$ cat model_27.pdb   # PDB, C-alpha atoms and all ligand atoms
ATOM      1  CA  MET X   1      35.102 154.264 116.883  1.00  0.00           C
ATOM      2  CA  LYS X   2      35.457 150.549 116.446  1.00  0.00           C
ATOM      3  CA  GLU X   3      36.524 148.653 113.391  1.00  0.00           C
ATOM      4  CA  ILE X   4      34.526 145.661 112.176  1.00  0.00           C
ATOM      5  CA  LYS X   5      36.364 143.411 109.758  1.00  0.00           C
ATOM      6  CA  LYS X   6      34.869 140.524 107.813  1.00  0.00           C
ATOM      7  CA  GLU X   7      36.860 138.049 105.812  1.00  0.00           C
ATOM      8  CA  SER X   8      35.687 136.340 102.615  1.00  0.00           C
ATOM      9  CA  THR X   9      37.247 133.170 101.287  1.00  0.00           C
ATOM     10  CA  LEU X  10      37.133 131.615  97.824  1.00  0.00           C
ATOM     11  CA  PHE X  11      38.522 128.248  96.810  1.00  0.00           C
ATOM     12  CA  VAL X  12      39.743 128.057  93.219  1.00  0.00           C
ATOM     13  CA  PHE X  13      39.881 124.761  91.351  1.00  0.00           C
ATOM     14  CA  GLU X  14      42.199 125.006  88.334  1.00  0.00           C
ATOM     15  CA  ASP X  15      41.639 121.314  87.684  1.00  0.00           C
ATOM     16  CA  LEU X  16      37.986 120.345  87.453  1.00  0.00           C
ATOM     17  CA  LYS X  17      38.905 116.736  88.165  1.00  0.00           C
ATOM     18  CA  ALA X  18      39.387 117.777  91.791  1.00  0.00           C
ATOM     19  CA  LEU X  19      35.613 118.393  92.045  1.00  0.00           C
ATOM     20  CA  PRO X  20      33.112 115.679  93.050  1.00  0.00           C
ATOM     21  CA  SER X  21      31.043 114.216  90.200  1.00  0.00           C
ATOM     22  CA  GLU X  22      27.826 115.723  91.665  1.00  0.00           C
ATOM     23  CA  ILE X  23      29.334 119.217  91.268  1.00  0.00           C
ATOM     24  CA  LEU X  24      30.720 118.492  87.808  1.00  0.00           C
ATOM     25  CA  ASN X  25      27.237 117.425  86.758  1.00  0.00           C
ATOM     26  CA  LEU X  26      25.783 120.682  88.139  1.00  0.00           C
ATOM     27  CA  ILE X  27      28.452 122.724  86.336  1.00  0.00           C
ATOM     28  CA  HIS X  28      27.666 120.893  83.121  1.00  0.00           C
ATOM     29  CA  LYS X  29      23.964 121.773  83.573  1.00  0.00           C
ATOM     30  CA  ALA X  30      24.858 125.457  84.105  1.00  0.00           C
ATOM     31  CA  ILE X  31      26.962 125.452  80.931  1.00  0.00           C
ATOM     32  CA  GLU X  32      24.105 123.910  78.963  1.00  0.00           C
ATOM     33  CA  ALA X  33      21.649 126.465  80.413  1.00  0.00           C
ATOM     34  CA  ARG X  34      24.037 129.296  79.494  1.00  0.00           C
ATOM     35  CA  LYS X  35      23.854 128.314  75.830  1.00  0.00           C
ATOM     36  CA  ASN X  36      20.092 128.980  75.885  1.00  0.00           C
ATOM     37  CA  ALA X  37      20.384 132.462  77.415  1.00  0.00           C
ATOM     38  CA  TYR X  38      18.328 135.154  75.705  1.00  0.00           C
ATOM     39  CA  ALA X  39      20.900 137.934  75.632  1.00  0.00           C
ATOM     40  CA  PRO X  40      20.612 139.747  72.274  1.00  0.00           C
ATOM     41  CA  TYR X  41      21.518 143.144  73.769  1.00  0.00           C
ATOM     42  CA  SER X  42      24.564 142.420  75.917  1.00  0.00           C
ATOM     43  CA  ASN X  43      25.704 139.216  74.201  1.00  0.00           C
ATOM     44  CA  PHE X  44      26.731 138.187  77.711  1.00  0.00           C
ATOM     45  CA  GLN X  45      25.377 134.752  78.456  1.00  0.00           C
ATOM     46  CA  VAL X  46      24.927 133.302  81.919  1.00  0.00           C
ATOM     47  CA  GLY X  47      23.628 129.908  83.019  1.00  0.00           C
ATOM     48  CA  ALA X  48      22.821 128.741  86.542  1.00  0.00           C
ATOM     49  CA  ALA X  49      21.954 125.331  87.980  1.00  0.00           C
ATOM     50  CA  LEU X  50      20.708 124.578  91.493  1.00  0.00           C
ATOM     51  CA  LEU X  51      20.671 121.231  93.266  1.00  0.00           C
ATOM     52  CA  LEU X  52      17.798 120.895  95.740  1.00  0.00           C
ATOM     53  CA  ASP X  53      17.672 118.543  98.705  1.00  0.00           C
ATOM     54  CA  ASN X  54      14.804 116.671  97.004  1.00  0.00           C
ATOM     55  CA  GLY X  55      17.200 115.727  94.183  1.00  0.00           C
ATOM     56  CA  GLU X  56      15.755 118.149  91.629  1.00  0.00           C
ATOM     57  CA  ILE X  57      18.106 120.242  89.516  1.00  0.00           C
ATOM     58  CA  ILE X  58      16.707 123.629  88.486  1.00  0.00           C
ATOM     59  CA  THR X  59      18.362 125.616  85.724  1.00  0.00           C
ATOM     60  CA  GLY X  60      17.967 129.169  84.480  1.00  0.00           C
ATOM     61  CA  ASN X  61      19.666 131.696  82.249  1.00  0.00           C
ATOM     62  CA  ASN X  62      19.574 135.437  81.731  1.00  0.00           C
ATOM     63  CA  GLN X  63      16.518 136.807  79.959  1.00  0.00           C
ATOM     64  CA  GLU X  64      16.930 140.258  78.430  1.00  0.00           C
ATOM     65  CA  ASN X  65      14.355 142.751  77.232  1.00  0.00           C
ATOM     66  CA  ALA X  66      14.224 145.714  74.836  1.00  0.00           C
ATOM     67  CA  SER X  67      13.295 147.644  77.958  1.00  0.00           C
ATOM     68  CA  TYR X  68      16.689 146.809  79.498  1.00  0.00           C
ATOM     69  CA  PRO X  69      15.857 146.884  83.237  1.00  0.00           C
ATOM     70  CA  SER X  70      12.992 144.445  82.667  1.00  0.00           C
ATOM     71  CA  GLY X  71      15.481 141.642  81.997  1.00  0.00           C
ATOM     72  CA  LEU X  72      16.558 139.193  84.677  1.00  0.00           C
ATOM     73  CA  CYS X  73      19.863 137.526  85.576  1.00  0.00           C
ATOM     74  CA  ALA X  74      20.324 133.770  85.303  1.00  0.00           C
ATOM     75  CA  GLU X  75      20.765 133.249  89.044  1.00  0.00           C
ATOM     76  CA  ARG X  76      17.496 134.937  89.937  1.00  0.00           C
ATOM     77  CA  THR X  77      15.620 133.240  87.095  1.00  0.00           C
ATOM     78  CA  ALA X  78      16.723 129.892  88.541  1.00  0.00           C
ATOM     79  CA  ILE X  79      16.326 130.564  92.258  1.00  0.00           C
ATOM     80  CA  TYR X  80      12.913 132.232  91.919  1.00  0.00           C
ATOM     81  CA  TYR X  81      11.716 129.267  89.899  1.00  0.00           C
ATOM     82  CA  ALA X  82      13.028 126.894  92.581  1.00  0.00           C
ATOM     83  CA  GLY X  83      11.365 128.977  95.294  1.00  0.00           C
ATOM     84  CA  SER X  84       8.056 129.050  93.448  1.00  0.00           C
ATOM     85  CA  GLN X  85       7.953 125.347  92.526  1.00  0.00           C
ATOM     86  CA  TYR X  86       9.582 123.797  95.595  1.00  0.00           C
ATOM     87  CA  PRO X  87       8.960 126.212  98.479  1.00  0.00           C
ATOM     88  CA  ASP X  88       9.968 123.655 101.125  1.00  0.00           C
ATOM     89  CA  ALA X  89      13.117 122.381  99.439  1.00  0.00           C
ATOM     90  CA  LYS X  90      16.566 123.554 100.439  1.00  0.00           C
ATOM     91  CA  VAL X  91      19.140 124.635  97.871  1.00  0.00           C
ATOM     92  CA  LEU X  92      22.287 122.604  98.508  1.00  0.00           C
ATOM     93  CA  GLN X  93      24.588 123.832  95.756  1.00  0.00           C
ATOM     94  CA  MET X  94      24.578 126.233  92.894  1.00  0.00           C
ATOM     95  CA  ALA X  95      26.767 126.419  89.767  1.00  0.00           C
ATOM     96  CA  ILE X  96      27.131 129.359  87.386  1.00  0.00           C
ATOM     97  CA  SER X  97      28.854 129.719  84.027  1.00  0.00           C
ATOM     98  CA  ALA X  98      29.120 133.113  82.317  1.00  0.00           C
ATOM     99  CA  THR X  99      30.819 134.445  79.221  1.00  0.00           C
ATOM    100  CA  ALA X 100      30.758 137.294  76.768  1.00  0.00           C
ATOM    101  CA  LYS X 101      29.826 135.748  73.430  1.00  0.00           C
ATOM    102  CA  ASN X 102      32.443 137.749  71.538  1.00  0.00           C
ATOM    103  CA  ASN X 103      35.106 137.636  74.241  1.00  0.00           C
ATOM    104  CA  PRO X 104      35.080 134.194  75.882  1.00  0.00           C
ATOM    105  CA  THR X 105      36.443 134.274  79.393  1.00  0.00           C
ATOM    106  CA  GLU X 106      38.332 131.542  81.207  1.00  0.00           C
ATOM    107  CA  THR X 107      38.374 133.237  84.609  1.00  0.00           C
ATOM    108  CA  PRO X 108      35.606 132.724  87.198  1.00  0.00           C
ATOM    109  CA  ILE X 109      32.834 135.340  86.968  1.00  0.00           C
ATOM    110  CA  PRO X 110      31.070 136.009  90.276  1.00  0.00           C
ATOM    111  CA  PRO X 111      27.326 136.762  90.505  1.00  0.00           C
ATOM    112  CA  CYS X 112      26.211 140.409  90.571  1.00  0.00           C
ATOM    113  CA  GLY X 113      25.236 142.172  93.775  1.00  0.00           C
ATOM    114  CA  ALA X 114      21.490 142.021  93.102  1.00  0.00           C
ATOM    115  CA  CYS X 115      21.687 138.237  92.657  1.00  0.00           C
ATOM    116  CA  ARG X 116      23.734 137.860  95.850  1.00  0.00           C
ATOM    117  CA  GLN X 117      20.993 139.740  97.706  1.00  0.00           C
ATOM    118  CA  ALA X 118      18.286 137.536  96.160  1.00  0.00           C
ATOM    119  CA  MET X 119      20.199 134.327  96.884  1.00  0.00           C
ATOM    120  CA  VAL X 120      21.102 135.173 100.473  1.00  0.00           C
ATOM    121  CA  GLU X 121      17.378 135.524 101.197  1.00  0.00           C
ATOM    122  CA  TYR X 122      16.947 131.789 100.532  1.00  0.00           C
ATOM    123  CA  GLU X 123      20.028 130.902 102.542  1.00  0.00           C
ATOM    124  CA  ILE X 124      18.553 132.765 105.519  1.00  0.00           C
ATOM    125  CA  LYS X 125      15.123 131.197 104.899  1.00  0.00           C
ATOM    126  CA  GLN X 126      16.447 127.636 104.829  1.00  0.00           C
ATOM    127  CA  GLU X 127      18.932 128.201 107.672  1.00  0.00           C
ATOM    128  CA  THR X 128      21.702 126.291 105.907  1.00  0.00           C
ATOM    129  CA  PRO X 129      24.452 127.588 103.617  1.00  0.00           C
ATOM    130  CA  ILE X 130      24.288 127.321  99.835  1.00  0.00           C
ATOM    131  CA  ALA X 131      27.642 126.370  98.306  1.00  0.00           C
ATOM    132  CA  ILE X 132      28.202 128.306  95.103  1.00  0.00           C
ATOM    133  CA  TYR X 133      30.569 127.452  92.252  1.00  0.00           C
ATOM    134  CA  PHE X 134      31.213 129.938  89.469  1.00  0.00           C
ATOM    135  CA  MET X 135      33.277 129.986  86.299  1.00  0.00           C
ATOM    136  CA  GLY X 136      33.681 131.656  82.918  1.00  0.00           C
ATOM    137  CA  GLU X 137      33.032 129.793  79.687  1.00  0.00           C
ATOM    138  CA  LYS X 138      35.642 127.213  80.689  1.00  0.00           C
ATOM    139  CA  GLY X 139      38.748 127.020  82.859  1.00  0.00           C
ATOM    140  CA  ALA X 140      39.007 127.485  86.611  1.00  0.00           C
ATOM    141  CA  VAL X 141      36.036 127.194  88.945  1.00  0.00           C
ATOM    142  CA  ALA X 142      35.768 129.283  92.122  1.00  0.00           C
ATOM    143  CA  LYS X 143      33.824 128.052  95.143  1.00  0.00           C
ATOM    144  CA  SER X 144      32.292 129.990  98.008  1.00  0.00           C
ATOM    145  CA  ASN X 145      30.985 127.915 100.914  1.00  0.00           C
ATOM    146  CA  SER X 146      27.999 130.222 101.313  1.00  0.00           C
ATOM    147  CA  ILE X 147      26.252 133.189  99.724  1.00  0.00           C
ATOM    148  CA  SER X 148      26.760 135.288 102.844  1.00  0.00           C
ATOM    149  CA  ASN X 149      30.510 134.844 102.330  1.00  0.00           C
ATOM    150  CA  LEU X 150      30.014 136.806  99.078  1.00  0.00           C
ATOM    151  CA  LEU X 151      27.806 139.404 100.760  1.00  0.00           C
ATOM    152  CA  PRO X 152      29.275 140.561 104.059  1.00  0.00           C
ATOM    153  CA  PHE X 153      27.214 143.134 105.992  1.00  0.00           C
ATOM    154  CA  THR X 154      24.016 141.710 104.527  1.00  0.00           C
ATOM    155  CA  PHE X 155      20.727 143.604 104.571  1.00  0.00           C
ATOM    156  CA  ASP X 156      18.169 141.104 105.863  1.00  0.00           C
ATOM    157  CA  LYS X 157      14.741 140.754 107.464  1.00  0.00           C
ATOM    158  CA  SER X 158      16.107 141.268 110.985  1.00  0.00           C
ATOM    159  CA  VAL X 159      15.778 145.050 110.611  1.00  0.00           C
ATOM    160  CA  LEU X 160      12.219 144.988 109.261  1.00  0.00           C
ATOM    161  CA  PHE X 161      10.211 144.122 112.350  1.00  0.00           C
TER     162      PHE X 161
HETATM  163  N1  LIG X 201      23.906 138.749  84.280  1.00  0.00           N
HETATM  164  C1  LIG X 201      23.514 137.588  84.891  1.00  0.00           C
HETATM  165  O1  LIG X 201      22.710 136.826  84.361  1.00  0.00           O
HETATM  166  N2  LIG X 201      24.040 137.306  86.098  1.00  0.00           N
HETATM  167  C2  LIG X 201      24.937 138.087  86.764  1.00  0.00           C
HETATM  168  O2  LIG X 201      25.279 137.795  87.904  1.00  0.00           O
HETATM  169  C3  LIG X 201      25.500 139.261  86.101  1.00  0.00           C
HETATM  170  C4  LIG X 201      24.836 139.688  84.857  1.00  0.00           C
HETATM  171  C5  LIG X 201      23.298 139.084  82.985  1.00  0.00           C
HETATM  172  C6  LIG X 201      22.393 140.270  83.018  1.00  0.00           C
HETATM  173  C7  LIG X 201      22.467 140.746  81.591  1.00  0.00           C
HETATM  174  O3  LIG X 201      21.548 139.982  80.804  1.00  0.00           O
HETATM  175  C8  LIG X 201      23.868 140.370  81.145  1.00  0.00           C
HETATM  176  O4  LIG X 201      24.319 139.382  82.079  1.00  0.00           O
HETATM  177  C9  LIG X 201      24.850 141.536  81.126  1.00  0.00           C
HETATM  178  O5  LIG X 201      24.884 142.203  82.330  1.00  0.00           O
END
$ encode --input "model_27.pdb" --output "structure tokens" --more "lines below"
Ligand code: THU
Amino acid sequence: MKEIKKESTLFVFEDLKALPSEILNLIHKAIEARKNAYAPYSNFQVGAALLLDNGEIITGNNQENASYPSGLCAERTAIYYAGSQYPDAKVLQMAISATAKNNPTETPIPPCGACRQAMVEYEIKQETPIAIYFMGEKGAVAKSNSISNLLPFTFDKSVLF
């Protein structure tokens, strides 16, 4: 038996002024996108913004459905749109803001497992890491230097062929 250990690292910014203006702008876009979430069932609103290497910023938010599993998270709404509209562009950075409408949170809320799996696909495709910043409604922002850092022991295409 051998043990395989993987380490994950997050950087937490309590003071947003420590972030570069490009990231603050992306965070602001995620917050604005969050406000347009369609989340009448969970009342949990999430916004995501992606900066592409062609300069475009793509935003998305969660879209719920009366048939609950038919809804989609903000991160996948945004990254699938980016992938469909700009298939050759690389995602440089991503920002997420999430909050329960009736219980605003000020601690960073990480993306769900399904979104990590969807996002790591693009990181593998583009062969460069996607930096991801996530937060609650306001307050501290957490940064991961890559998606794979949030998804150790990734399932990927290498096992398919
Ligand atoms: N949600 C997201 O948009 N992103 C996540 O990473 C976690 C959850 C959405 C899905 C659903 O509309 C609501 O938040 C509650 O789970």
$ closest_residue --input "model_27.pdb" --among "X:Leu24, X:Ile132, X:Cys73, X:Ala78" --to "ligand LIG 201 (chain X)" --atoms "all atoms listed in the file"
X:Cys73
$ residues_around --input "model_27.pdb" --residues "range 86-89 of chain X" --least-positions-apart "4" --cutoff "8 Å" --atoms "all atoms listed in the file" --output "list in words"
Leu52, Asp53, Asn54 and Ala82 of chain X
$ atom_distance --input "model_27.pdb" --atom1 "CA of Tyr81 in chain X" --atom2 "CA of Ala49 in chain X"
11.1 Å
$ residues_around --input "model_27.pdb" --residues "Glu32 in chain X" --least-positions-apart "5" --cutoff "12 Å" --atoms "all atoms listed in the file" --output "list in words"
Asn25, Leu26, Ile27, Ala37, Gln45, Val46, Gly47, Ala48, Ala49, Thr59, Gly60, Asn61, Ala95, Ile96, Ser97, Ala98 and Glu137 of chain X
$ resolve_selection --input "model_27.pdb" --expression "the PyMOL selection byres (((not hetatm)) within 10 of (chain X and resi 201))" --output "PyMOL selection string"
chain X and resi 34+37-48+60-65+68-77+96-100+109-116+134
$ residues_around --input "model_27.pdb" --residues "Glu14 in chain X" --least-positions-apart "4" --cutoff "12 Å" --atoms "all atoms listed in the file" --output "list of chain:residue names"
X:Ala18, X:Leu19, X:Glu106, X:Thr107, X:Pro108, X:Met135, X:Lys138, X:Gly139, X:Ala140, X:Val141, X:Ala142, X:Lys143
$ atom_distance --input "model_27.pdb" --atom1 "CA of Ser144 in chain X" --atom2 "CA of Leu160 in chain X"
27.5 Å
$ atom_distance --input "model_27.pdb" --atom1 "CA of Val120 in chain X" --atom2 "CA of Ala66 in chain X"
28.6 Å
$ closest_residue --input "model_27.pdb" --among "X:Thr128, X:Glu56, X:Ile31, X:Phe13" --to "Gln85 in chain X" --atoms "all atoms listed in the file"
X:Glu56
$ build_atoms --input "model_27.pdb" --residues "range 124-135 of chain X" --atoms "all heavy atoms" --output "PDB file, in the frame of the given file"
ATOM      1  N   ILE X 124      19.078 132.392 104.200  1.00  0.00           N
ATOM      2  CA  ILE X 124      18.553 132.765 105.519  1.00  0.00           C
ATOM      3  C   ILE X 124      17.259 131.989 105.785  1.00  0.00           C
ATOM      4  O   ILE X 124      17.058 131.441 106.862  1.00  0.00           O
ATOM      5  CB  ILE X 124      18.325 134.293 105.598  1.00  0.00           C
ATOM      6  CG1 ILE X 124      19.674 135.019 105.550  1.00  0.00           C
ATOM      7  CG2 ILE X 124      17.540 134.665 106.856  1.00  0.00           C
ATOM      8  CD1 ILE X 124      19.578 136.512 105.270  1.00  0.00           C
ATOM      9  N   LYS X 125      16.398 131.910 104.760  1.00  0.00           N
ATOM     10  CA  LYS X 125      15.123 131.197 104.899  1.00  0.00           C
ATOM     11  C   LYS X 125      15.344 129.729 105.265  1.00  0.00           C
ATOM     12  O   LYS X 125      14.688 129.191 106.160  1.00  0.00           O
ATOM     13  CB  LYS X 125      14.357 131.297 103.573  1.00  0.00           C
ATOM     14  CG  LYS X 125      13.037 130.550 103.529  1.00  0.00           C
ATOM     15  CD  LYS X 125      12.468 130.573 102.103  1.00  0.00           C
ATOM     16  CE  LYS X 125      11.295 129.635 101.964  1.00  0.00           C
ATOM     17  NZ  LYS X 125      11.194 129.058 100.616  1.00  0.00           N
ATOM     18  N   GLN X 126      16.274 129.073 104.615  1.00  0.00           N
ATOM     19  CA  GLN X 126      16.447 127.636 104.829  1.00  0.00           C
ATOM     20  C   GLN X 126      17.389 127.309 105.981  1.00  0.00           C
ATOM     21  O   GLN X 126      17.511 126.158 106.382  1.00  0.00           O
ATOM     22  CB  GLN X 126      16.910 126.958 103.537  1.00  0.00           C
ATOM     23  CG  GLN X 126      18.334 127.311 103.106  1.00  0.00           C
ATOM     24  CD  GLN X 126      18.700 126.705 101.754  1.00  0.00           C
ATOM     25  OE1 GLN X 126      17.874 126.579 100.856  1.00  0.00           O
ATOM     26  NE2 GLN X 126      19.948 126.299 101.595  1.00  0.00           N
ATOM     27  N   GLU X 127      18.051 128.325 106.492  1.00  0.00           N
ATOM     28  CA  GLU X 127      18.932 128.201 107.672  1.00  0.00           C
ATOM     29  C   GLU X 127      20.119 127.264 107.460  1.00  0.00           C
ATOM     30  O   GLU X 127      20.663 126.714 108.416  1.00  0.00           O
ATOM     31  CB  GLU X 127      18.129 127.769 108.913  1.00  0.00           C
ATOM     32  CG  GLU X 127      17.091 128.805 109.324  1.00  0.00           C
ATOM     33  CD  GLU X 127      16.247 128.374 110.518  1.00  0.00           C
ATOM     34  OE1 GLU X 127      16.102 127.159 110.739  1.00  0.00           O
ATOM     35  OE2 GLU X 127      15.752 129.263 111.233  1.00  0.00           O
ATOM     36  N   THR X 128      20.476 127.044 106.202  1.00  0.00           N
ATOM     37  CA  THR X 128      21.702 126.291 105.907  1.00  0.00           C
ATOM     38  C   THR X 128      22.393 126.964 104.723  1.00  0.00           C
ATOM     39  O   THR X 128      21.732 127.535 103.847  1.00  0.00           O
ATOM     40  CB  THR X 128      21.420 124.813 105.526  1.00  0.00           C
ATOM     41  OG1 THR X 128      20.436 124.789 104.488  1.00  0.00           O
ATOM     42  CG2 THR X 128      20.933 124.010 106.715  1.00  0.00           C
ATOM     43  N   PRO X 129      23.725 126.893 104.687  1.00  0.00           N
ATOM     44  CA  PRO X 129      24.452 127.588 103.617  1.00  0.00           C
ATOM     45  C   PRO X 129      24.261 126.955 102.239  1.00  0.00           C
ATOM     46  O   PRO X 129      24.024 125.751 102.124  1.00  0.00           O
ATOM     47  CB  PRO X 129      25.920 127.486 104.057  1.00  0.00           C
ATOM     48  CG  PRO X 129      25.969 126.408 105.067  1.00  0.00           C
ATOM     49  CD  PRO X 129      24.615 126.272 105.672  1.00  0.00           C
ATOM     50  N   ILE X 130      24.322 127.786 101.227  1.00  0.00           N
ATOM     51  CA  ILE X 130      24.288 127.321  99.835  1.00  0.00           C
ATOM     52  C   ILE X 130      25.717 127.446  99.294  1.00  0.00           C
ATOM     53  O   ILE X 130      26.264 128.549  99.245  1.00  0.00           O
ATOM     54  CB  ILE X 130      23.336 128.188  98.983  1.00  0.00           C
ATOM     55  CG1 ILE X 130      21.906 128.133  99.529  1.00  0.00           C
ATOM     56  CG2 ILE X 130      23.400 127.768  97.519  1.00  0.00           C
ATOM     57  CD1 ILE X 130      20.949 129.143  98.894  1.00  0.00           C
ATOM     58  N   ALA X 131      26.305 126.315  98.913  1.00  0.00           N
ATOM     59  CA  ALA X 131      27.642 126.370  98.306  1.00  0.00           C
ATOM     60  C   ALA X 131      27.491 126.833  96.864  1.00  0.00           C
ATOM     61  O   ALA X 131      26.599 126.374  96.144  1.00  0.00           O
ATOM     62  CB  ALA X 131      28.298 124.995  98.356  1.00  0.00           C
ATOM     63  N   ILE X 132      28.343 127.745  96.447  1.00  0.00           N
ATOM     64  CA  ILE X 132      28.202 128.306  95.103  1.00  0.00           C
ATOM     65  C   ILE X 132      29.523 128.186  94.347  1.00  0.00           C
ATOM     66  O   ILE X 132      30.585 128.525  94.871  1.00  0.00           O
ATOM     67  CB  ILE X 132      27.663 129.757  95.180  1.00  0.00           C
ATOM     68  CG1 ILE X 132      27.579 130.390  93.805  1.00  0.00           C
ATOM     69  CG2 ILE X 132      28.451 130.643  96.118  1.00  0.00           C
ATOM     70  CD1 ILE X 132      26.751 131.651  93.782  1.00  0.00           C
ATOM     71  N   TYR X 133      29.408 127.654  93.131  1.00  0.00           N
ATOM     72  CA  TYR X 133      30.569 127.452  92.252  1.00  0.00           C
ATOM     73  C   TYR X 133      30.368 128.330  91.025  1.00  0.00           C
ATOM     74  O   TYR X 133      29.292 128.306  90.430  1.00  0.00           O
ATOM     75  CB  TYR X 133      30.647 125.986  91.795  1.00  0.00           C
ATOM     76  CG  TYR X 133      30.848 124.990  92.916  1.00  0.00           C
ATOM     77  CD1 TYR X 133      29.780 124.593  93.710  1.00  0.00           C
ATOM     78  CD2 TYR X 133      32.101 124.449  93.163  1.00  0.00           C
ATOM     79  CE1 TYR X 133      29.965 123.684  94.745  1.00  0.00           C
ATOM     80  CE2 TYR X 133      32.292 123.536  94.198  1.00  0.00           C
ATOM     81  CZ  TYR X 133      31.220 123.165  94.981  1.00  0.00           C
ATOM     82  OH  TYR X 133      31.405 122.262  96.011  1.00  0.00           O
ATOM     83  N   PHE X 134      31.392 129.106  90.661  1.00  0.00           N
ATOM     84  CA  PHE X 134      31.213 129.938  89.469  1.00  0.00           C
ATOM     85  C   PHE X 134      32.457 129.925  88.587  1.00  0.00           C
ATOM     86  O   PHE X 134      33.578 129.775  89.053  1.00  0.00           O
ATOM     87  CB  PHE X 134      30.786 131.364  89.827  1.00  0.00           C
ATOM     88  CG  PHE X 134      31.641 132.065  90.854  1.00  0.00           C
ATOM     89  CD1 PHE X 134      32.734 132.828  90.468  1.00  0.00           C
ATOM     90  CD2 PHE X 134      31.325 131.981  92.199  1.00  0.00           C
ATOM     91  CE1 PHE X 134      33.517 133.490  91.408  1.00  0.00           C
ATOM     92  CE2 PHE X 134      32.102 132.629  93.150  1.00  0.00           C
ATOM     93  CZ  PHE X 134      33.197 133.385  92.754  1.00  0.00           C
ATOM     94  N   MET X 135      32.197 130.074  87.287  1.00  0.00           N
ATOM     95  CA  MET X 135      33.277 129.986  86.299  1.00  0.00           C
ATOM     96  C   MET X 135      32.970 130.880  85.101  1.00  0.00           C
ATOM     97  O   MET X 135      31.892 131.486  85.026  1.00  0.00           O
ATOM     98  CB  MET X 135      33.433 128.532  85.828  1.00  0.00           C
ATOM     99  CG  MET X 135      32.242 128.032  85.047  1.00  0.00           C
ATOM    100  SD  MET X 135      32.335 126.293  84.577  1.00  0.00           S
ATOM    101  CE  MET X 135      33.801 126.259  83.554  1.00  0.00           C
TER     102      MET X 135
END
